[in-house]
Amino acid sequence: MCSLALKVSYGKFSYFTGGDLTCDTNYGRDAWRDIETPVSRACGPVSVATVDHHGYFDAAGPDFVRSLQARVWILQAWHASHPAMSTLANLFSTQLYAGPRDVFSVGLNEAAALTTARFSDLLKSRDGHVLVRVSAPGDTYRVIVIDDTDESDRVKAVFGPYAV
């Protein structure tokens with residue numbers, strides 16, 4: 001709950017990262033634990049956002065997703081418990097906000113992929129470094145997935161351009 005939350009803007013483009021912010025309130029008993037909701041409301045819609053707390057069960061709640069309305073989500077997964085099924089349901093929900101969205105994961109664990117296949121099959125990538133390249137003057141961007149299995153920095157895939 002004490003992670004740095006950062007919004008970076010360049011022209012029309014904006015990017016949010018909130019580290020390990022959480023939204024879990026211990027079944028409503030500890031409202032103060034939901035730091036993710038007020039931070040995302042203060043931030044407002046962005047072009048690209050990272051998913052808080054590796055997409056664990058206590059993050060990326062409905063209010064967070066609804067407030068940020070990212071076109072691209074980056075999920076920093078690495079464990080069998082990342083991401084939670086509810087997190088993926090929120091990210092892909094068109095009831096929280098309309099329009100398309102692409103979700104990229106780095107290091108999706110095979111066990112997580114199996115247990116969340118309903119949504120993980122929709123991911124644009126499951127592993128590799130995710131690079132966001134914004135064009136001058138900030139009105140379009142691309143997402144580049146880079147092989148992270150060695151030092152070659154081989155480009156695995158390029159997505160976009162996305163208009164802002």
# chains A, B, ... in the order shown; residues from 1 in each chain; ligands from 1

$ select_by_dssp --residues "chain A" --states "strand (DSSP E or B)" --output "ChimeraX atom specification"
/A:6-10,13-17,48-50,72-75,102-105,125,129-134,140-146,155-163

$ residues_around --residues "region 29-41 of chain A" --least-positions-apart "6" --cutoff "7 Å" --atoms "only C-alpha atoms" --output "PyMOL selection string"
chain A and resi 1+21-23+63-64+67-68

$ write_last_selection --atoms "C-alpha atoms" --output "tab-separated table (two decimals), in the first residue's frame"
chain	number	residue	atom	x	y	z
A	1	MET	CA	0.00	0.00	0.00
A	21	LEU	CA	-0.94	-1.11	-4.66
A	22	THR	CA	-3.90	-3.17	-3.47
A	23	CYS	CA	-7.67	-2.89	-3.27
A	63	ASP	CA	-12.84	0.55	-9.69
A	64	PHE	CA	-9.15	0.57	-10.67
A	67	SER	CA	-10.93	4.51	-13.66
A	68	LEU	CA	-7.83	3.86	-15.78

$ closest_residue --among "A:Val155, A:Leu108, A:Cys2, A:Val8" --to "Ser81 (chain A)" --atoms "only C-alpha atoms"
A:Leu108

$ residues_around --residues "region 126-135 of chain A" --least-positions-apart "5" --cutoff "12 Å" --atoms "only C-alpha atoms" --output "ChimeraX atom specification"
/A:8-15,47-50,72-78,82-83,103-110,112-113,117,119-121,140-164

$ closest_residue --among "A:Leu123, A:Ala111, A:Cys43, A:Ala84" --to "Ala60 (chain A)" --atoms "only C-alpha atoms"
A:Ala84

$ atom_distance --atom1 "CA of Val46 (chain A)" --atom2 "CA of Arg71 (chain A)"
7.7 Å

$ atom_distance --atom1 "CA of Lys124 (chain A)" --atom2 "CA of Lys7 (chain A)"
23.4 Å

$ closest_residue --among "A:Ala136, A:Ala42, A:Ala70, A:Leu114" --to "Met85 (chain A)" --atoms "only C-alpha atoms"
A:Leu114

$ select_by_dssp --residues "chain A" --states "helix (DSSP H, G or I)" --output "compact mmCIF listing (two decimals) with all heavy atoms, in the first residue's frame"
# COMPACT_ATOMS: atom_id res chain seq x y z
N ALA A 31 -11.47 -0.50 5.18
CA ALA A 31 -11.62 0.31 3.96
C ALA A 31 -10.32 1.03 3.60
O ALA A 31 -10.03 1.24 2.41
CB ALA A 31 -12.75 1.31 4.13
N TRP A 32 -9.52 1.39 4.57
CA TRP A 32 -8.27 2.11 4.35
C TRP A 32 -7.27 1.30 3.52
O TRP A 32 -6.36 1.85 2.93
CB TRP A 32 -7.63 2.51 5.68
CG TRP A 32 -7.31 1.32 6.56
CD1 TRP A 32 -8.13 0.74 7.48
CD2 TRP A 32 -6.10 0.57 6.57
NE1 TRP A 32 -7.51 -0.33 8.07
CE2 TRP A 32 -6.25 -0.46 7.53
CE3 TRP A 32 -4.90 0.66 5.87
CZ2 TRP A 32 -5.24 -1.37 7.81
CZ3 TRP A 32 -3.90 -0.26 6.16
CH2 TRP A 32 -4.08 -1.25 7.12
N ARG A 33 -7.46 -0.03 3.44
CA ARG A 33 -6.53 -0.86 2.68
C ARG A 33 -6.69 -0.70 1.16
O ARG A 33 -5.81 -1.07 0.41
CB ARG A 33 -6.72 -2.33 3.04
CG ARG A 33 -6.33 -2.64 4.44
CD ARG A 33 -6.60 -4.08 4.76
NE ARG A 33 -5.40 -4.58 5.41
CZ ARG A 33 -5.09 -5.83 5.55
NH1 ARG A 33 -5.88 -6.77 5.05
NH2 ARG A 33 -4.00 -6.18 6.16
N GLU A 36 -5.73 1.52 -4.00
CA GLU A 36 -5.76 1.47 -5.46
C GLU A 36 -6.90 2.32 -6.04
O GLU A 36 -6.71 3.03 -7.03
CB GLU A 36 -5.93 0.01 -5.87
CG GLU A 36 -5.72 -0.26 -7.32
CD GLU A 36 -5.92 -1.73 -7.64
OE1 GLU A 36 -7.05 -2.23 -7.52
OE2 GLU A 36 -4.93 -2.37 -8.02
N THR A 37 -8.08 2.26 -5.45
CA THR A 37 -9.23 2.99 -5.99
C THR A 37 -9.02 4.50 -5.97
O THR A 37 -9.16 5.15 -7.01
CB THR A 37 -10.52 2.58 -5.26
OG1 THR A 37 -10.76 1.20 -5.52
CG2 THR A 37 -11.71 3.41 -5.73
N PRO A 38 -8.68 5.12 -4.84
CA PRO A 38 -8.51 6.58 -4.88
C PRO A 38 -7.35 7.03 -5.76
O PRO A 38 -7.42 8.07 -6.42
CB PRO A 38 -8.31 6.98 -3.42
CG PRO A 38 -7.97 5.74 -2.69
CD PRO A 38 -8.56 4.61 -3.46
N VAL A 39 -6.29 6.23 -5.81
CA VAL A 39 -5.15 6.59 -6.67
C VAL A 39 -5.56 6.55 -8.14
O VAL A 39 -5.27 7.47 -8.90
CB VAL A 39 -3.94 5.67 -6.39
CG1 VAL A 39 -2.88 5.81 -7.47
CG2 VAL A 39 -3.35 5.96 -5.03
N SER A 40 -6.26 5.50 -8.55
CA SER A 40 -6.67 5.40 -9.96
C SER A 40 -7.70 6.46 -10.33
O SER A 40 -7.70 6.96 -11.45
CB SER A 40 -7.19 3.99 -10.27
OG SER A 40 -8.35 3.70 -9.52
N ARG A 41 -8.55 6.83 -9.40
CA ARG A 41 -9.51 7.90 -9.67
C ARG A 41 -8.80 9.23 -9.84
O ARG A 41 -9.17 10.05 -10.69
CB ARG A 41 -10.54 7.99 -8.56
CG ARG A 41 -11.54 6.86 -8.60
CD ARG A 41 -12.54 6.96 -7.48
NE ARG A 41 -13.48 5.84 -7.55
CZ ARG A 41 -14.27 5.50 -6.54
NH1 ARG A 41 -14.28 6.18 -5.41
NH2 ARG A 41 -15.08 4.47 -6.68
N ALA A 42 -7.77 9.47 -9.04
CA ALA A 42 -7.00 10.71 -9.18
C ALA A 42 -6.23 10.73 -10.50
O ALA A 42 -6.08 11.78 -11.12
CB ALA A 42 -6.03 10.86 -8.00
N CYS A 43 -5.78 9.58 -10.93
CA CYS A 43 -5.02 9.46 -12.18
C CYS A 43 -5.91 9.66 -13.40
O CYS A 43 -5.57 10.39 -14.32
CB CYS A 43 -4.35 8.09 -12.25
SG CYS A 43 -3.45 7.78 -13.76
N ASP A 52 -1.44 -3.64 -11.07
CA ASP A 52 -0.86 -3.60 -9.73
C ASP A 52 -0.65 -4.99 -9.15
O ASP A 52 -1.36 -5.94 -9.47
CB ASP A 52 -1.77 -2.81 -8.79
CG ASP A 52 -1.81 -1.32 -9.10
OD1 ASP A 52 -0.89 -0.82 -9.77
OD2 ASP A 52 -2.77 -0.66 -8.66
N HIS A 53 0.34 -5.09 -8.28
CA HIS A 53 0.63 -6.27 -7.45
C HIS A 53 0.61 -7.58 -8.24
O HIS A 53 0.07 -8.59 -7.79
CB HIS A 53 -0.32 -6.32 -6.25
CG HIS A 53 0.21 -7.15 -5.13
ND1 HIS A 53 -0.62 -7.79 -4.24
CD2 HIS A 53 1.47 -7.45 -4.75
CE1 HIS A 53 0.10 -8.45 -3.35
NE2 HIS A 53 1.38 -8.25 -3.64
N HIS A 54 1.20 -7.54 -9.45
CA HIS A 54 1.35 -8.74 -10.29
C HIS A 54 0.02 -9.37 -10.69
O HIS A 54 -0.03 -10.53 -11.08
CB HIS A 54 2.23 -9.79 -9.60
CG HIS A 54 3.49 -9.26 -9.04
ND1 HIS A 54 4.60 -8.99 -9.83
CD2 HIS A 54 3.83 -8.90 -7.77
CE1 HIS A 54 5.56 -8.50 -9.07
NE2 HIS A 54 5.13 -8.43 -7.83
N GLY A 55 -1.08 -8.62 -10.53
CA GLY A 55 -2.39 -9.18 -10.84
C GLY A 55 -2.88 -10.16 -9.79
O GLY A 55 -3.76 -10.98 -10.05
N PRO A 62 -12.31 -3.73 -9.73
CA PRO A 62 -13.18 -3.11 -10.73
C PRO A 62 -13.04 -1.59 -10.80
O PRO A 62 -13.02 -1.03 -11.90
CB PRO A 62 -14.58 -3.51 -10.30
CG PRO A 62 -14.40 -4.74 -9.48
CD PRO A 62 -13.06 -4.60 -8.82
N ASP A 63 -12.94 -0.91 -9.66
CA ASP A 63 -12.84 0.55 -9.69
C ASP A 63 -11.53 1.01 -10.32
O ASP A 63 -11.48 2.01 -11.04
CB ASP A 63 -12.96 1.14 -8.28
CG ASP A 63 -14.38 1.05 -7.75
OD1 ASP A 63 -15.33 1.07 -8.56
OD2 ASP A 63 -14.54 0.94 -6.52
N PHE A 64 -10.46 0.28 -10.08
CA PHE A 64 -9.15 0.57 -10.67
C PHE A 64 -9.23 0.47 -12.19
O PHE A 64 -8.84 1.38 -12.93
CB PHE A 64 -8.12 -0.42 -10.11
CG PHE A 64 -6.78 -0.42 -10.75
CD1 PHE A 64 -5.84 0.55 -10.45
CD2 PHE A 64 -6.42 -1.42 -11.64
CE1 PHE A 64 -4.58 0.54 -11.02
CE2 PHE A 64 -5.16 -1.45 -12.22
CZ PHE A 64 -4.24 -0.46 -11.91
N VAL A 65 -9.76 -0.64 -12.68
CA VAL A 65 -9.86 -0.87 -14.12
C VAL A 65 -10.79 0.16 -14.75
O VAL A 65 -10.48 0.75 -15.79
CB VAL A 65 -10.34 -2.31 -14.40
CG1 VAL A 65 -10.64 -2.52 -15.87
CG2 VAL A 65 -9.29 -3.31 -13.91
N ARG A 66 -11.93 0.43 -14.12
CA ARG A 66 -12.90 1.40 -14.63
C ARG A 66 -12.30 2.81 -14.69
O ARG A 66 -12.56 3.56 -15.62
CB ARG A 66 -14.14 1.39 -13.76
CG ARG A 66 -15.28 2.28 -14.27
CD ARG A 66 -16.48 2.29 -13.34
NE ARG A 66 -17.09 0.97 -13.20
CZ ARG A 66 -17.09 0.25 -12.07
NH1 ARG A 66 -16.51 0.71 -10.98
NH2 ARG A 66 -17.66 -0.93 -12.03
N SER A 67 -11.51 3.16 -13.71
CA SER A 67 -10.93 4.51 -13.66
C SER A 67 -9.83 4.70 -14.69
O SER A 67 -9.75 5.75 -15.33
CB SER A 67 -10.36 4.80 -12.26
OG SER A 67 -11.40 4.85 -11.31
N LEU A 68 -8.96 3.70 -14.87
CA LEU A 68 -7.83 3.86 -15.78
C LEU A 68 -8.20 3.65 -17.25
O LEU A 68 -7.61 4.28 -18.13
CB LEU A 68 -6.69 2.91 -15.40
CG LEU A 68 -6.02 3.20 -14.07
CD1 LEU A 68 -4.86 2.24 -13.85
CD2 LEU A 68 -5.56 4.64 -13.96
N MET A 85 -7.85 -15.14 -11.45
CA MET A 85 -8.93 -15.18 -12.45
C MET A 85 -9.77 -13.91 -12.38
O MET A 85 -10.14 -13.34 -13.41
CB MET A 85 -9.81 -16.41 -12.21
CG MET A 85 -10.97 -16.52 -13.19
SD MET A 85 -10.46 -16.95 -14.85
CE MET A 85 -10.50 -18.71 -14.71
N SER A 86 -10.06 -13.43 -11.18
CA SER A 86 -10.88 -12.22 -11.03
C SER A 86 -10.17 -11.00 -11.63
O SER A 86 -10.82 -10.11 -12.19
CB SER A 86 -11.22 -11.97 -9.56
OG SER A 86 -10.03 -11.84 -8.79
N THR A 87 -8.86 -10.95 -11.51
CA THR A 87 -8.09 -9.85 -12.10
C THR A 87 -8.24 -9.85 -13.61
O THR A 87 -8.53 -8.82 -14.22
CB THR A 87 -6.61 -9.95 -11.71
OG1 THR A 87 -6.50 -9.82 -10.29
CG2 THR A 87 -5.78 -8.89 -12.40
N LEU A 88 -8.06 -11.00 -14.24
CA LEU A 88 -8.21 -11.09 -15.69
C LEU A 88 -9.63 -10.77 -16.12
O LEU A 88 -9.85 -10.09 -17.13
CB LEU A 88 -7.78 -12.45 -16.19
CG LEU A 88 -6.29 -12.75 -16.14
CD1 LEU A 88 -6.01 -14.19 -16.54
CD2 LEU A 88 -5.51 -11.78 -17.01
N ALA A 89 -10.61 -11.23 -15.35
CA ALA A 89 -12.01 -10.92 -15.66
C ALA A 89 -12.22 -9.40 -15.66
O ALA A 89 -12.89 -8.86 -16.55
CB ALA A 89 -12.95 -11.59 -14.67
N ASN A 90 -11.64 -8.71 -14.70
CA ASN A 90 -11.75 -7.25 -14.65
C ASN A 90 -11.07 -6.60 -15.84
O ASN A 90 -11.63 -5.69 -16.47
CB ASN A 90 -11.15 -6.70 -13.36
CG ASN A 90 -11.96 -7.04 -12.14
OD1 ASN A 90 -13.14 -7.39 -12.22
ND2 ASN A 90 -11.34 -6.97 -10.98
N LEU A 91 -9.86 -7.03 -16.16
CA LEU A 91 -9.12 -6.41 -17.26
C LEU A 91 -9.85 -6.54 -18.59
O LEU A 91 -9.83 -5.62 -19.41
CB LEU A 91 -7.73 -7.02 -17.37
CG LEU A 91 -6.79 -6.79 -16.20
CD1 LEU A 91 -5.46 -7.51 -16.45
CD2 LEU A 91 -6.56 -5.31 -15.94
N PHE A 92 -10.49 -7.69 -18.81
CA PHE A 92 -11.15 -7.93 -20.09
C PHE A 92 -12.62 -7.52 -20.10
O PHE A 92 -13.27 -7.59 -21.15
CB PHE A 92 -11.02 -9.40 -20.49
CG PHE A 92 -9.65 -9.76 -21.00
CD1 PHE A 92 -8.79 -10.53 -20.23
CD2 PHE A 92 -9.23 -9.33 -22.24
CE1 PHE A 92 -7.52 -10.87 -20.71
CE2 PHE A 92 -7.97 -9.66 -22.72
CZ PHE A 92 -7.11 -10.43 -21.95
N GLU A 110 3.15 -21.39 -16.26
CA GLU A 110 2.29 -22.34 -16.97
C GLU A 110 1.11 -22.77 -16.11
O GLU A 110 0.00 -22.97 -16.62
CB GLU A 110 3.09 -23.56 -17.43
CG GLU A 110 2.31 -24.47 -18.35
CD GLU A 110 1.73 -23.79 -19.60
OE1 GLU A 110 2.35 -22.86 -20.14
OE2 GLU A 110 0.62 -24.19 -20.03
N ALA A 111 1.30 -22.93 -14.80
CA ALA A 111 0.19 -23.29 -13.92
C ALA A 111 -0.87 -22.20 -13.92
O ALA A 111 -2.07 -22.48 -13.96
CB ALA A 111 0.69 -23.55 -12.51
N ALA A 112 -0.44 -20.95 -13.90
CA ALA A 112 -1.39 -19.84 -13.95
C ALA A 112 -2.12 -19.82 -15.29
O ALA A 112 -3.32 -19.58 -15.35
CB ALA A 112 -0.67 -18.51 -13.73
N ALA A 113 -1.39 -20.09 -16.36
CA ALA A 113 -2.02 -20.12 -17.69
C ALA A 113 -3.10 -21.20 -17.75
O ALA A 113 -4.17 -20.98 -18.32
CB ALA A 113 -0.96 -20.36 -18.75
N LEU A 114 -2.84 -22.35 -17.17
CA LEU A 114 -3.81 -23.44 -17.18
C LEU A 114 -5.05 -23.11 -16.37
O LEU A 114 -6.18 -23.38 -16.80
CB LEU A 114 -3.18 -24.73 -16.64
CG LEU A 114 -2.16 -25.39 -17.56
CD1 LEU A 114 -1.44 -26.51 -16.82
CD2 LEU A 114 -2.82 -25.92 -18.82
N THR A 115 -4.86 -22.54 -15.20
CA THR A 115 -6.01 -22.28 -14.32
C THR A 115 -6.80 -21.04 -14.72
O THR A 115 -7.92 -20.87 -14.27
CB THR A 115 -5.56 -22.14 -12.85
OG1 THR A 115 -4.64 -21.05 -12.74
CG2 THR A 115 -4.93 -23.43 -12.35
N ALA A 117 -7.13 -20.15 -18.13
CA ALA A 117 -7.17 -20.25 -19.59
C ALA A 117 -8.35 -19.52 -20.22
O ALA A 117 -8.24 -19.02 -21.34
CB ALA A 117 -7.17 -21.71 -20.02
N ARG A 118 -9.44 -19.43 -19.50
CA ARG A 118 -10.61 -18.70 -20.03
C ARG A 118 -10.22 -17.31 -20.50
O ARG A 118 -10.73 -16.80 -21.49
CB ARG A 118 -11.68 -18.64 -18.95
CG ARG A 118 -12.88 -17.83 -19.32
CD ARG A 118 -13.89 -17.84 -18.20
NE ARG A 118 -14.94 -16.89 -18.47
CZ ARG A 118 -15.72 -16.38 -17.55
NH1 ARG A 118 -15.60 -16.77 -16.29
NH2 ARG A 118 -16.65 -15.52 -17.86
N PHE A 119 -9.30 -16.68 -19.76
CA PHE A 119 -8.84 -15.34 -20.11
C PHE A 119 -7.39 -15.32 -20.59
O PHE A 119 -7.04 -14.52 -21.45
CB PHE A 119 -9.00 -14.38 -18.92
CG PHE A 119 -10.42 -14.15 -18.54
CD1 PHE A 119 -10.93 -14.68 -17.37
CD2 PHE A 119 -11.26 -13.40 -19.34
CE1 PHE A 119 -12.25 -14.47 -17.01
CE2 PHE A 119 -12.59 -13.19 -18.99
CZ PHE A 119 -13.09 -13.73 -17.82
N SER A 120 -6.54 -16.16 -20.01
CA SER A 120 -5.13 -16.10 -20.39
C SER A 120 -4.92 -16.46 -21.86
O SER A 120 -3.94 -16.03 -22.47
CB SER A 120 -4.26 -16.97 -19.48
OG SER A 120 -4.62 -18.32 -19.58

$ decode --residues "region 33-44 of chain A" --atoms "all heavy atoms" --output "mmCIF file, in the first residue's frame"
data_model
loop_
_atom_site.group_PDB
_atom_site.id
_atom_site.type_symbol
_atom_site.label_atom_id
_atom_site.label_comp_id
_atom_site.auth_asym_id
_atom_site.auth_seq_id
_atom_site.Cartn_x
_atom_site.Cartn_y
_atom_site.Cartn_z
ATOM 1 N N ARG A 33 -7.458 -0.033 3.443
ATOM 2 C CA ARG A 33 -6.525 -0.862 2.678
ATOM 3 C C ARG A 33 -6.686 -0.701 1.165
ATOM 4 O O ARG A 33 -5.807 -1.068 0.408
ATOM 5 C CB ARG A 33 -6.724 -2.333 3.037
ATOM 6 C CG ARG A 33 -6.333 -2.642 4.443
ATOM 7 C CD ARG A 33 -6.600 -4.084 4.755
ATOM 8 N NE ARG A 33 -5.405 -4.580 5.406
ATOM 9 C CZ ARG A 33 -5.094 -5.835 5.551
ATOM 10 N NH1 ARG A 33 -5.878 -6.773 5.054
ATOM 11 N NH2 ARG A 33 -4.000 -6.179 6.161
ATOM 12 N N ASP A 34 -7.814 -0.186 0.739
ATOM 13 C CA ASP A 34 -8.037 0.025 -0.695
ATOM 14 C C ASP A 34 -7.429 1.358 -1.105
ATOM 15 O O ASP A 34 -8.100 2.379 -1.166
ATOM 16 C CB ASP A 34 -9.522 -0.019 -1.040
ATOM 17 C CG ASP A 34 -9.784 0.224 -2.522
ATOM 18 O OD1 ASP A 34 -8.810 0.286 -3.309
ATOM 19 O OD2 ASP A 34 -10.956 0.344 -2.892
ATOM 20 N N ILE A 35 -6.153 1.339 -1.366
ATOM 21 C CA ILE A 35 -5.457 2.541 -1.840
ATOM 22 C C ILE A 35 -5.535 2.640 -3.361
ATOM 23 O O ILE A 35 -5.463 3.719 -3.941
ATOM 24 C CB ILE A 35 -3.989 2.556 -1.343
ATOM 25 C CG1 ILE A 35 -3.331 3.905 -1.609
ATOM 26 C CG2 ILE A 35 -3.187 1.438 -1.960
ATOM 27 C CD1 ILE A 35 -3.908 5.042 -0.831
ATOM 28 N N GLU A 36 -5.732 1.518 -4.000
ATOM 29 C CA GLU A 36 -5.763 1.470 -5.459
ATOM 30 C C GLU A 36 -6.901 2.322 -6.043
ATOM 31 O O GLU A 36 -6.708 3.033 -7.032
ATOM 32 C CB GLU A 36 -5.932 0.011 -5.871
ATOM 33 C CG GLU A 36 -5.725 -0.264 -7.321
ATOM 34 C CD GLU A 36 -5.920 -1.727 -7.642
ATOM 35 O OE1 GLU A 36 -7.053 -2.232 -7.521
ATOM 36 O OE2 GLU A 36 -4.928 -2.374 -8.017
ATOM 37 N N THR A 37 -8.075 2.263 -5.452
ATOM 38 C CA THR A 37 -9.229 2.990 -5.989
ATOM 39 C C THR A 37 -9.024 4.500 -5.969
ATOM 40 O O THR A 37 -9.165 5.146 -7.011
ATOM 41 C CB THR A 37 -10.519 2.584 -5.257
ATOM 42 O OG1 THR A 37 -10.764 1.196 -5.515
ATOM 43 C CG2 THR A 37 -11.710 3.407 -5.725
ATOM 44 N N PRO A 38 -8.680 5.119 -4.837
ATOM 45 C CA PRO A 38 -8.513 6.578 -4.884
ATOM 46 C C PRO A 38 -7.346 7.026 -5.759
ATOM 47 O O PRO A 38 -7.421 8.073 -6.417
ATOM 48 C CB PRO A 38 -8.313 6.982 -3.420
ATOM 49 C CG PRO A 38 -7.973 5.737 -2.691
ATOM 50 C CD PRO A 38 -8.563 4.606 -3.462
ATOM 51 N N VAL A 39 -6.287 6.234 -5.812
ATOM 52 C CA VAL A 39 -5.151 6.594 -6.669
ATOM 53 C C VAL A 39 -5.562 6.547 -8.137
ATOM 54 O O VAL A 39 -5.269 7.471 -8.903
ATOM 55 C CB VAL A 39 -3.940 5.671 -6.394
ATOM 56 C CG1 VAL A 39 -2.883 5.813 -7.473
ATOM 57 C CG2 VAL A 39 -3.353 5.957 -5.027
ATOM 58 N N SER A 40 -6.261 5.503 -8.549
ATOM 59 C CA SER A 40 -6.667 5.398 -9.957
ATOM 60 C C SER A 40 -7.696 6.457 -10.327
ATOM 61 O O SER A 40 -7.700 6.959 -11.452
ATOM 62 C CB SER A 40 -7.190 3.990 -10.267
ATOM 63 O OG SER A 40 -8.353 3.695 -9.520
ATOM 64 N N ARG A 41 -8.549 6.826 -9.402
ATOM 65 C CA ARG A 41 -9.511 7.902 -9.672
ATOM 66 C C ARG A 41 -8.799 9.235 -9.845
ATOM 67 O O ARG A 41 -9.172 10.046 -10.692
ATOM 68 C CB ARG A 41 -10.544 7.987 -8.564
ATOM 69 C CG ARG A 41 -11.538 6.860 -8.598
ATOM 70 C CD ARG A 41 -12.544 6.957 -7.483
ATOM 71 N NE ARG A 41 -13.477 5.841 -7.546
ATOM 72 C CZ ARG A 41 -14.274 5.497 -6.544
ATOM 73 N NH1 ARG A 41 -14.276 6.183 -5.405
ATOM 74 N NH2 ARG A 41 -15.081 4.467 -6.675
ATOM 75 N N ALA A 42 -7.775 9.471 -9.041
ATOM 76 C CA ALA A 42 -6.996 10.713 -9.179
ATOM 77 C C ALA A 42 -6.235 10.733 -10.499
ATOM 78 O O ALA A 42 -6.079 11.781 -11.116
ATOM 79 C CB ALA A 42 -6.035 10.858 -8.000
ATOM 80 N N CYS A 43 -5.778 9.576 -10.934
ATOM 81 C CA CYS A 43 -5.023 9.458 -12.180
ATOM 82 C C CYS A 43 -5.908 9.663 -13.400
ATOM 83 O O CYS A 43 -5.574 10.394 -14.317
ATOM 84 C CB CYS A 43 -4.354 8.088 -12.245
ATOM 85 S SG CYS A 43 -3.448 7.780 -13.760
ATOM 86 N N GLY A 44 -7.052 8.983 -13.436
ATOM 87 C CA GLY A 44 -7.942 9.045 -14.585
ATOM 88 C C GLY A 44 -7.476 8.156 -15.716
ATOM 89 O O GLY A 44 -6.478 7.441 -15.598
#
